[in-house]
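Asker: Sending over input20.txt (compact mmCIF, C-alpha atoms).
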```txt
# COMPACT_ATOMS: atom_id res chain seq x y z
CA MET B 1 -9.63 17.98 -21.31
CA ASN B 2 -7.70 15.28 -19.52
CA ARG B 3 -7.36 17.57 -16.55
CA LEU B 4 -11.09 18.21 -16.48
CA PHE B 5 -11.72 14.47 -16.40
CA ARG B 6 -9.31 14.03 -13.54
CA GLN B 7 -11.02 16.74 -11.53
CA LEU B 8 -14.40 15.22 -12.30
CA ASP B 9 -13.05 11.86 -11.24
CA SER B 10 -12.01 13.15 -7.84
CA HIS B 11 -15.29 14.94 -7.29
CA ILE B 12 -17.23 11.85 -8.26
CA THR B 13 -15.28 9.93 -5.62
CA ILE B 14 -16.24 12.41 -2.93
CA ILE B 15 -19.87 12.37 -4.07
CA LEU B 16 -19.91 8.57 -4.20
CA PHE B 17 -18.38 8.40 -0.75
CA GLY B 18 -21.01 10.82 0.58
CA CYS B 19 -23.79 8.78 -1.07
CA PHE B 20 -22.32 5.64 0.49
CA LEU B 21 -22.47 7.18 3.97
CA VAL B 22 -26.03 8.44 3.44
CA ALA B 23 -27.07 5.06 2.03
CA ILE B 24 -25.76 3.07 4.95
CA ASN B 25 -27.45 5.52 7.29
CA ILE B 26 -30.75 4.92 5.55
CA VAL B 27 -30.24 1.15 5.63
CA ALA B 28 -29.43 1.42 9.33
CA MET B 29 -32.65 3.33 9.94
CA PHE B 30 -34.94 0.89 8.19
CA ASN B 31 -33.20 -2.40 8.47
CA THR B 32 -34.27 -4.46 11.42
CA SER B 33 -31.29 -6.80 11.39
CA ARG B 34 -29.26 -6.03 14.47
CA LEU B 35 -26.11 -7.52 13.01
CA LEU B 36 -26.23 -5.34 9.90
CA LYS B 37 -26.86 -2.29 12.04
CA GLU B 38 -23.83 -3.10 14.17
CA ILE B 39 -21.64 -3.56 11.10
CA ILE B 40 -22.84 -0.21 9.74
CA VAL B 41 -22.17 1.50 13.08
CA LEU B 42 -18.60 0.16 13.08
CA ILE B 43 -18.03 1.35 9.48
CA LEU B 44 -19.45 4.79 10.26
CA ILE B 45 -17.33 5.19 13.39
CA SER B 46 -14.20 4.15 11.48
CA SER B 47 -14.91 6.53 8.58
CA ALA B 48 -15.54 9.42 10.96
CA LEU B 49 -12.39 8.69 12.97
CA GLY B 50 -10.32 8.28 9.80
CA ILE B 51 -11.39 11.60 8.35
CA LEU B 52 -11.04 13.35 11.71
CA ALA B 53 -7.54 11.91 12.14
CA GLN B 54 -6.39 13.53 8.88
CA THR B 55 -7.18 16.96 10.26
CA ILE B 56 -5.25 16.26 13.46
CA LEU B 57 -2.24 14.34 12.15
CA PRO B 58 0.61 16.58 10.92
CA ASN B 59 1.08 14.18 7.99
CA GLY B 60 -2.62 13.74 7.25
CA ILE B 61 -3.69 13.20 3.65
CA GLY B 62 -6.75 14.48 1.80
CA LEU B 63 -9.74 12.32 0.92
CA GLU B 64 -9.20 13.18 -2.74
CA THR B 65 -6.32 11.38 -4.43
CA ASP B 66 -3.93 13.89 -6.01
CA ILE B 67 -2.80 12.60 -9.36
CA THR B 68 0.36 13.47 -11.29
CA ILE B 69 0.70 12.78 -15.00
CA ILE B 70 4.08 11.48 -16.05
CA GLY B 71 5.38 11.29 -19.58
CA ALA B 72 4.38 12.74 -22.93
CA ASP B 73 0.82 12.92 -24.29
CA SER B 74 0.56 9.58 -26.06
CA ASP B 75 2.06 7.39 -23.38
CA ALA B 76 1.33 9.51 -20.35
CA VAL B 77 0.76 7.60 -17.13
CA GLN B 78 -1.24 8.75 -14.14
CA ILE B 79 0.31 8.07 -10.77
CA PRO B 80 -0.77 9.16 -7.30
CA THR B 81 1.21 12.30 -6.38
CA ILE B 82 1.85 10.83 -2.95
CA LEU B 83 4.29 8.36 -4.55
CA ILE B 84 6.58 11.19 -5.61
CA ASN B 85 6.20 13.76 -2.87
CA SER B 86 6.56 12.72 0.68
CA GLN B 87 4.56 14.95 2.98
CA ASP B 88 7.67 16.55 4.39
CA GLY B 89 7.91 18.67 1.28
CA ASP B 90 11.53 19.10 0.32
CA ASP B 91 12.36 15.57 -0.69
CA SER B 92 10.43 15.38 -3.93
CA THR B 93 12.06 13.64 -6.85
CA SER B 94 11.31 14.12 -10.52
CA ASN B 95 10.69 11.95 -13.50
CA ILE B 96 13.17 11.83 -16.37
CA LEU B 97 12.14 10.94 -19.92
CA LEU B 98 13.82 8.37 -22.16
CA THR B 99 15.63 10.96 -24.29
CA ASP B 100 17.05 12.75 -21.23
CA ALA B 101 17.97 9.44 -19.61
CA PHE B 102 19.82 8.44 -22.80
CA THR B 103 21.63 11.79 -22.96
CA ALA B 104 22.77 11.32 -19.36
CA PHE B 105 23.84 7.80 -20.30
CA THR B 106 25.93 8.86 -23.31
CA GLN B 107 27.51 11.75 -21.41
CA GLY B 108 28.16 9.54 -18.42
CA SER B 109 26.74 12.29 -16.25
CA ALA B 110 24.55 10.06 -14.10
CA LEU B 111 24.72 6.76 -12.27
CA PHE B 112 21.87 4.40 -13.19
CA LEU B 113 20.39 2.40 -10.33
CA ASP B 114 18.29 -0.67 -11.10
CA ALA B 115 15.55 -0.98 -8.45
CA ARG B 116 14.39 -4.43 -9.58
CA SER B 117 15.23 -7.77 -8.00
CA GLN B 118 18.64 -9.35 -8.42
CA GLU B 119 17.28 -12.01 -10.82
CA ASP B 120 15.74 -9.39 -13.11
CA TYR B 121 18.93 -7.36 -13.01
CA GLN B 122 21.09 -10.34 -13.90
CA SER B 123 18.96 -11.30 -16.88
CA GLY B 124 19.38 -7.83 -18.37
CA HIS B 125 19.90 -4.23 -17.31
CA ILE B 126 20.93 -0.80 -18.59
CA ARG B 127 24.66 -0.90 -19.32
CA GLY B 128 26.62 0.31 -16.32
CA ALA B 129 23.63 0.26 -13.99
CA ILE B 130 24.04 -0.92 -10.44
CA ASN B 131 21.48 -3.16 -8.79
CA LEU B 132 19.86 -1.71 -5.64
CA PRO B 133 16.61 -3.62 -5.07
CA ALA B 134 14.13 -1.08 -3.70
CA HIS B 135 12.69 -3.49 -1.15
CA ALA B 136 16.11 -4.17 0.39
CA PHE B 137 17.27 -0.56 0.61
CA MET B 138 18.98 -1.06 3.96
CA ASP B 139 21.34 -3.62 2.40
CA SER B 140 22.55 -0.95 -0.03
CA LEU B 141 23.58 1.61 2.59
CA VAL B 142 27.21 0.48 2.75
CA PHE B 143 27.56 1.00 -1.01
CA LEU B 144 25.67 4.30 -1.06
CA ASP B 145 27.75 5.67 1.78
CA LYS B 146 30.77 5.73 -0.54
CA LEU B 147 29.06 7.92 -3.16
CA SER B 148 29.18 11.70 -3.29
CA LEU B 149 25.87 13.30 -2.39
CA GLU B 150 26.27 15.60 -5.41
CA LEU B 151 26.21 12.70 -7.88
CA THR B 152 23.24 12.58 -10.29
CA LEU B 153 21.31 9.36 -9.77
CA ILE B 154 18.70 7.88 -12.08
CA THR B 155 16.59 5.02 -10.76
CA TYR B 156 14.50 2.69 -12.89
CA CYS B 157 12.49 -0.52 -12.68
CA ASP B 158 10.45 -2.52 -15.21
CA GLY B 159 8.46 0.41 -16.51
CA ALA B 160 5.06 1.94 -16.00
CA ASP B 161 3.91 -1.17 -14.13
CA CYS B 162 6.18 -0.75 -11.13
CA ASN B 163 6.75 1.81 -8.42
CA ALA B 164 10.13 0.54 -7.24
CA SER B 165 12.04 3.29 -9.11
CA ILE B 166 9.98 5.97 -7.37
CA ASP B 167 10.36 4.32 -3.96
CA LEU B 168 14.13 4.00 -4.40
CA ALA B 169 14.41 7.61 -5.58
CA ALA B 170 12.48 8.81 -2.53
CA ASP B 171 14.74 6.80 -0.21
CA LEU B 172 17.86 8.22 -1.90
CA LYS B 173 16.53 11.74 -1.58
CA LEU B 174 15.86 11.17 2.10
CA MET B 175 19.41 9.90 2.48
CA GLY B 176 20.66 13.27 1.30
CA PHE B 177 21.38 12.83 -2.41
CA ALA B 178 20.58 16.15 -4.06
CA ARG B 179 20.05 15.08 -7.69
CA VAL B 180 17.79 12.08 -7.91
CA HIS B 181 15.51 11.31 -10.85
CA PHE B 182 13.37 8.29 -11.55
CA PHE B 183 13.14 7.05 -15.11
CA PHE B 184 9.52 5.92 -15.09
CA GLY B 185 9.59 4.47 -18.59
CA GLY B 186 12.21 2.11 -17.19
CA TRP B 187 13.62 -1.08 -18.60
CA GLN B 188 10.76 -1.58 -21.10
CA GLU B 189 11.27 1.81 -22.80
CA TRP B 190 15.03 1.33 -22.77
CA ILE B 191 15.00 -2.04 -24.55
CA ASP B 192 12.19 -0.95 -26.90
CA ALA B 193 14.48 1.89 -28.00
CA GLY B 194 17.32 -0.60 -28.49
CA PHE B 195 19.71 1.27 -26.18
CA PRO B 196 22.80 -0.47 -24.74
CA THR B 197 22.20 -3.20 -22.18
CA ASP B 198 24.21 -5.79 -20.35
CA THR B 199 23.56 -9.15 -18.79
CA ASP B 200 25.31 -10.28 -15.67
CA HIS B 201 25.89 -13.88 -14.66
CA MET O 1 -14.95 -28.11 38.37
CA ILE O 2 -13.71 -27.26 34.91
CA THR O 3 -15.98 -28.69 32.25
CA LYS O 4 -15.35 -29.13 28.56
CA THR O 5 -17.78 -26.31 27.76
CA LYS O 6 -15.86 -23.96 30.02
CA ILE O 7 -12.59 -24.76 28.30
CA TYR O 8 -14.28 -24.24 24.92
CA ASP O 9 -15.67 -20.88 26.05
CA LEU O 10 -12.31 -19.77 27.42
CA GLY O 11 -10.69 -20.81 24.16
CA LEU O 12 -13.17 -18.70 22.19
CA ILE O 13 -12.50 -15.69 24.42
CA ALA O 14 -8.77 -16.15 23.94
CA LEU O 15 -9.20 -16.29 20.14
CA ARG O 16 -11.47 -13.23 20.13
CA VAL O 17 -9.12 -11.17 22.31
CA GLY O 18 -6.06 -12.38 20.40
CA LEU O 19 -7.57 -11.46 17.02
CA GLY O 20 -8.70 -8.08 18.40
CA LEU O 21 -5.24 -7.31 19.79
CA LEU O 22 -3.58 -8.29 16.51
CA PHE O 23 -5.80 -6.01 14.45
CA VAL O 24 -5.41 -3.06 16.82
CA TYR O 25 -1.63 -3.58 16.62
CA ALA O 26 -1.73 -3.93 12.83
CA SER O 27 -3.68 -0.68 12.46
CA LEU O 28 -1.35 1.56 14.48
CA ASP O 29 1.50 2.05 11.98
CA LYS O 30 -1.00 2.73 9.19
CA ILE O 31 -2.99 5.20 11.28
CA ILE O 32 0.15 7.18 12.09
CA HIS O 33 1.45 7.09 8.50
CA PRO O 34 -1.54 7.45 6.15
CA GLY O 35 0.71 8.58 3.29
CA LEU O 36 2.98 5.53 3.51
CA PHE O 37 -0.06 3.30 3.69
CA ALA O 38 -1.50 4.94 0.56
CA LYS O 39 1.81 4.14 -1.16
CA ALA O 40 1.63 0.53 0.01
CA ILE O 41 -1.92 0.19 -1.33
CA SER O 42 -1.02 1.79 -4.64
CA ASN O 43 1.72 -0.82 -5.09
CA TYR O 44 -0.97 -3.48 -5.38
CA ARG O 45 -2.38 -1.71 -8.46
CA ILE O 46 -5.90 -2.91 -7.79
CA LEU O 47 -7.79 0.15 -6.55
CA PRO O 48 -8.89 2.88 -8.96
CA LEU O 49 -6.77 5.97 -8.27
CA PRO O 50 -9.62 8.19 -7.00
CA LEU O 51 -10.37 5.67 -4.23
CA LEU O 52 -6.75 5.41 -3.07
CA HIS O 53 -6.70 8.11 -0.39
CA ALA O 54 -10.18 7.33 0.95
CA THR O 55 -9.18 3.69 1.40
CA ALA O 56 -5.87 4.60 3.04
CA ILE O 57 -7.74 6.84 5.46
CA ILE O 58 -10.56 4.51 6.45
CA LEU O 59 -9.11 0.99 6.25
CA PRO O 60 -6.69 1.32 9.22
CA TRP O 61 -9.46 2.73 11.39
CA LEU O 62 -11.74 -0.11 10.35
CA GLU O 63 -9.07 -2.48 11.62
CA PHE O 64 -8.63 -0.45 14.80
CA VAL O 65 -12.33 -0.10 15.61
CA GLY O 66 -13.03 -3.72 14.63
CA GLY O 67 -10.11 -4.92 16.75
CA LEU O 68 -11.23 -2.82 19.70
CA ALA O 69 -14.78 -4.15 19.39
CA LEU O 70 -13.49 -7.73 19.42
CA LEU O 71 -11.26 -6.95 22.39
CA SER O 72 -13.99 -5.33 24.42
CA GLY O 73 -16.68 -7.80 23.42
CA ARG O 74 -18.99 -5.06 22.14
CA TYR O 75 -20.58 -5.98 18.78
CA PRO O 76 -18.22 -8.98 18.59
CA ARG O 77 -20.01 -10.75 15.74
CA ALA O 78 -20.25 -7.64 13.58
CA ALA O 79 -16.58 -6.87 14.25
CA ASN O 80 -15.59 -10.45 13.45
CA ILE O 81 -17.48 -10.35 10.14
CA LEU O 82 -15.79 -7.05 9.24
CA ILE O 83 -12.34 -8.34 10.17
CA GLY O 84 -12.94 -11.66 8.43
CA SER O 85 -14.03 -9.95 5.21
CA MET O 86 -11.08 -7.59 5.34
CA THR O 87 -8.68 -10.51 5.82
CA LEU O 88 -10.29 -12.29 2.87
CA VAL O 89 -9.87 -9.23 0.65
CA PHE O 90 -6.25 -8.76 1.82
CA THR O 91 -5.46 -12.41 1.08
CA LEU O 92 -6.91 -12.15 -2.43
CA ALA O 93 -5.00 -8.90 -3.03
CA ILE O 94 -1.72 -10.49 -1.90
CA LEU O 95 -2.32 -13.58 -4.06
CA LEU O 96 -3.09 -11.38 -7.05
CA ALA O 97 0.06 -9.31 -6.47
CA ILE O 98 2.23 -12.43 -6.12
CA SER O 99 0.72 -13.92 -9.28
CA ARG O 100 1.67 -10.73 -11.13
CA GLY O 101 5.23 -11.12 -9.90
CA LEU O 102 5.16 -8.01 -7.72
CA ASP O 103 7.45 -7.74 -4.73
CA PHE O 104 7.02 -5.00 -2.15
CA ASN O 105 6.15 -4.28 1.45
CA CYS O 106 2.66 -5.72 1.86
CA GLY O 107 1.49 -2.96 4.22
CA CYS O 108 0.27 -5.61 6.64
CA PHE O 109 1.90 -4.65 9.94
CA ASN O 110 5.01 -2.59 9.45
CA LEU O 111 5.06 -0.18 6.52
CA GLU O 112 8.81 0.14 6.13
CA SER O 113 10.29 -3.21 7.05
CA ALA O 114 11.42 -5.67 4.38
CA ASN O 115 10.32 -8.43 6.78
CA ASP O 116 6.79 -7.49 5.88
CA ASN O 117 7.24 -8.13 2.18
CA LEU O 118 4.84 -10.15 0.08
CA GLY O 119 5.24 -13.89 0.10
CA SER O 120 3.55 -17.21 0.68
CA PHE O 121 4.14 -16.75 4.41
CA LYS O 122 1.79 -13.74 4.34
CA VAL O 123 -0.86 -15.84 2.61
CA LEU O 124 -0.53 -18.58 5.24
CA GLN O 125 -0.67 -15.99 8.03
CA ASN O 126 -3.88 -14.56 6.60
CA MET O 127 -5.38 -18.03 6.11
CA GLY O 128 -4.72 -18.68 9.81
CA LEU O 129 -6.51 -15.44 10.72
CA LEU O 130 -9.42 -16.36 8.44
CA PHE O 131 -9.65 -19.73 10.15
CA ILE O 132 -9.85 -18.08 13.60
CA SER O 133 -12.47 -15.69 12.26
CA GLY O 134 -14.41 -18.68 10.93
CA ILE O 135 -14.32 -20.46 14.30
CA LEU O 136 -15.64 -17.32 16.02
CA GLU O 137 -18.43 -16.86 13.46
CA HIS O 138 -19.38 -20.52 13.88
CA SER O 139 -19.64 -20.06 17.65
CA TYR O 140 -21.81 -16.94 17.27
CA ARG O 141 -24.16 -18.76 14.91
CA LYS O 142 -24.70 -21.50 17.45
CA THR O 143 -25.71 -19.13 20.22
```
If you took the structure in this file and wrote it as structure tokens, what would it be?
Answerer:
Amino acid sequence: MNRLFRQLDSHITIILFGCFLVAINIVAMFNTSRLLKEIIVLILISSALGILAQTILPNGIGLETDITIIGADSDAVQIPTILINSQDGDDSTSNILLTDAFTAFTQGSALFLDARSQEDYQSGHIRGAINLPAHAFMDSLVFLDKLSLELTLITYCDGADCNASIDLAADLKLMGFARVHFFFGGWQEWIDAGFPTDTDH
Amino acid sequence: MITKTKIYDLGLIALRVGLGLLFVYASLDKIIHPGLFAKAISNYRILPLPLLHATAIILPWLEFVGGLALLSGRYPRAANILIGSMTLVFTLAILLAISRGLDFNCGCFNLESANDNLGSFKVLQNMGLLFISGILEHSYRKT
């Protein structure tokens, strides 16, 4: 059912977009204001060029937003697929659920990477996690260079309201790490479950 | 002899061309990397998901075509209104993101540089652009 809605959603967007183009054409035909006509012409040219460019560019994207559902039924979150898969194909990363993240934690089989800011990290983080703010990835290269590319890495940020864990995971994958997961439930799910944390001052 | 009016006119041309150049420049990285730009937009968490790709596809070209129109002096007022409204929307989006405590690349000029992250500097920068856009609109209204 959910899937049907998503498909409908995407089709409605395309239909709405088509209606929008037809509508501004009609306005352009009947409206006598030169200024409005000029604005409409500029919007039409831009839309046409934008859509045309996607067919020419090797990394062009579709007009429809592909959506991926992450998580279990009750607290599933929809995110744009483009966040997870870069267009180059082989550097996709995958989500890891709370239970699997906790198993990896207890077995010590993965290194947790906190993608939030330093202040957030210091006020509380998953025990043993290392802070690699996603927006300052370049600053983390010296540290990452020392790690084995075979190491399992789990990135996280605040929770369903942030994309930093996904961004960091994508960057790590690009860097050559083979086993990268993002824990989308993140810090919120972890503390809600009462799992071990640490503060750092 | 150089009169005050001439200096004023030259100033307006400089502002128009400058604003046009800036927007053409700002559009290039986004035009070449539509996927990265879609990511940058999704970080703001404002747009409904189904509109994400369409916006990422059209917005950079709107900047490019608007900038080019300002540069060339063809449809300058229409282009200025478009660019002014876009800047206004961008400023509001950045303010909203900052107020929610978000921190990421703003997708303004360079999609992958941390220098282009959200911050009050970005708001000031956009306010400056809005001001220039306002001066241009004022001059077009007079003529």
Asker: Give me, as a list in words, all polymer residues having an atom no more than 12 Å from Pro58 in chain B, counting all atoms listed in the file and skipping those fewer than 4 positions away in the same chain.
Answerer: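 These residues fall inside the cut-off: Ala53, Gln54, Gly62, Gln87 and Asp88 of chain B; Ile31, Ile32, His33, Pro34 and Gly35 of chain O.
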Asker: Please indicate the distance in Å from CA of Ile130 in chain B to CA of Asp114 in chain B, rounded to one decimal place.
Answerer: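 A separation of 5.8 Å between them.
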Asker: Could you tell me which of O:Ala26, O:Leu102, O:Leu47, O:Leu10 comes closest to chain B if we count all atoms listed in the file?
Answerer: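 Nearest to chain B: O:Leu102.
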Asker: Given only C-alpha atoms as the basis, pick out the residue of O:Asn43, O:Gln125, O:Ser72, O:Ser99 nearest to chain B.
Answerer: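 Counting only C-alpha atoms, the residue closest to chain B is O:Asn43.
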Asker: Can I get the residues of chain B within 6 Å of chain O, each with the closest pair of atoms and their distance in Å to one decimal, using all atoms listed in the file, sorted chain first then ascending number, as a Markdown table?
Answerer:
```
| residue | atom | partner | partner_atom | distance |
| --- | --- | --- | --- | --- |
| B:Ser10 | CA | O:Pro50 | CA | 5.6 |
| B:Leu35 | CA | O:Ala78 | CA | 5.9 |
| B:Glu38 | CA | O:Ala78 | CA | 5.8 |
| B:Ile39 | CA | O:Ala78 | CA | 5.0 |
| B:Ser46 | CA | O:Trp61 | CA | 4.9 |
| B:Ser47 | CA | O:Ile58 | CA | 5.2 |
| B:Gly50 | CA | O:Ile58 | CA | 5.0 |
| B:Leu63 | CA | O:Ala54 | CA | 5.0 |
| B:Thr65 | CA | O:His53 | CA | 5.2 |
| B:Leu83 | CA | O:Lys39 | CA | 6.0 |
| B:His135 | CA | O:Phe104 | CA | 6.0 |
```
Asker: Would you list the contacts of His181 in chain B as a list of chain:residue names, taking every protein, DNA or RNA residue within 8 Å and counting only C-alpha atoms, but skipping same-chain residues closer than 6 positions in sequence?
Answerer: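 Final neighbour list, sorted by chain and number: B:Thr93, B:Ser94, B:Asn95, B:Ile96, B:Thr152, B:Leu153, B:Ile154, B:Thr155, B:Ala169.
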Asker: With distances taken over only C-alpha atoms, which of O:Leu118, O:Ile83, O:Leu70, O:Leu136 is nearest to Arg100 in chain O?
Answerer: O:Leu118
Asker: Please report the interatomic distance between CA of Glu64 in chain B and CA of Leu22 in chain O in Å with one decimal.
Answerer: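 Spanning CA of Glu64 in chain B to CA of Leu22 in chain O is a straight-line distance of 29.4 Å.
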Asker: In Å, with one decimal, what is the gap from CA of Ile51 in chain B to CA of Leu21 in chain B?
Answerer: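 Atom-to-atom, CA of Ile51 in chain B to CA of Leu21 in chain B, that is 12.7 Å.
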Asker: Find, counting all atoms listed in the file, the residue in B:Leu144, B:Leu44, B:Leu97, B:Ala193 that gets nearest to Ala76 in chain B.
Answerer: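 Of the candidates, the smallest distance to Ala76 in chain B is held by B:Leu97.
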Asker: B:Phe183, B:Phe143, B:Tyr156, B:Tyr121: which is nearest Asp200 in chain B, counting all atoms listed in the file?
Answerer: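 Under the stated criterion, the closest residue is B:Tyr121.
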Asker: Can you pull out the residues contacting Leu129 in chain O? Cut-off 10 Å, using only C-alpha atoms, and skip same-chain residues under 4 positions away; I want them as a list in words.
Answerer: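 Contacts, with the query itself left out: Leu15, Leu19, Leu22, Ile83, Gly84, Thr87, Leu88, Val123, Leu124, Gln125, Ser133, Gly134 and Ile135 of chain O.
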Asker: Find the spatial neighbours of Val142 in chain B, counting only C-alpha atoms, within a cut-off of 12 Å - ignore same-chain residues fewer than 5 positions away - and output them as a list in words.
Answerer: Leu132, Phe137 and Leu147 of chain B
Asker: Just to be explicit: take each residue in the selection above, keep C-alpha atoms, and write the result as a compact mmCIF listing (two decimals), keeping the file's coordinate frame.
Answerer:
```
# COMPACT_ATOMS: atom_id res chain seq x y z
CA LEU B 132 19.86 -1.71 -5.64
CA PHE B 137 17.27 -0.56 0.61
CA LEU B 147 29.06 7.92 -3.16
```
Asker: Which is closest to Ile46 in chain O among O:Ala93, O:Ile7, O:Leu111, O:Ile98, if we use all atoms listed in the file?
Answerer: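 Selected residue with least distance to Ile46 in chain O: O:Ala93.
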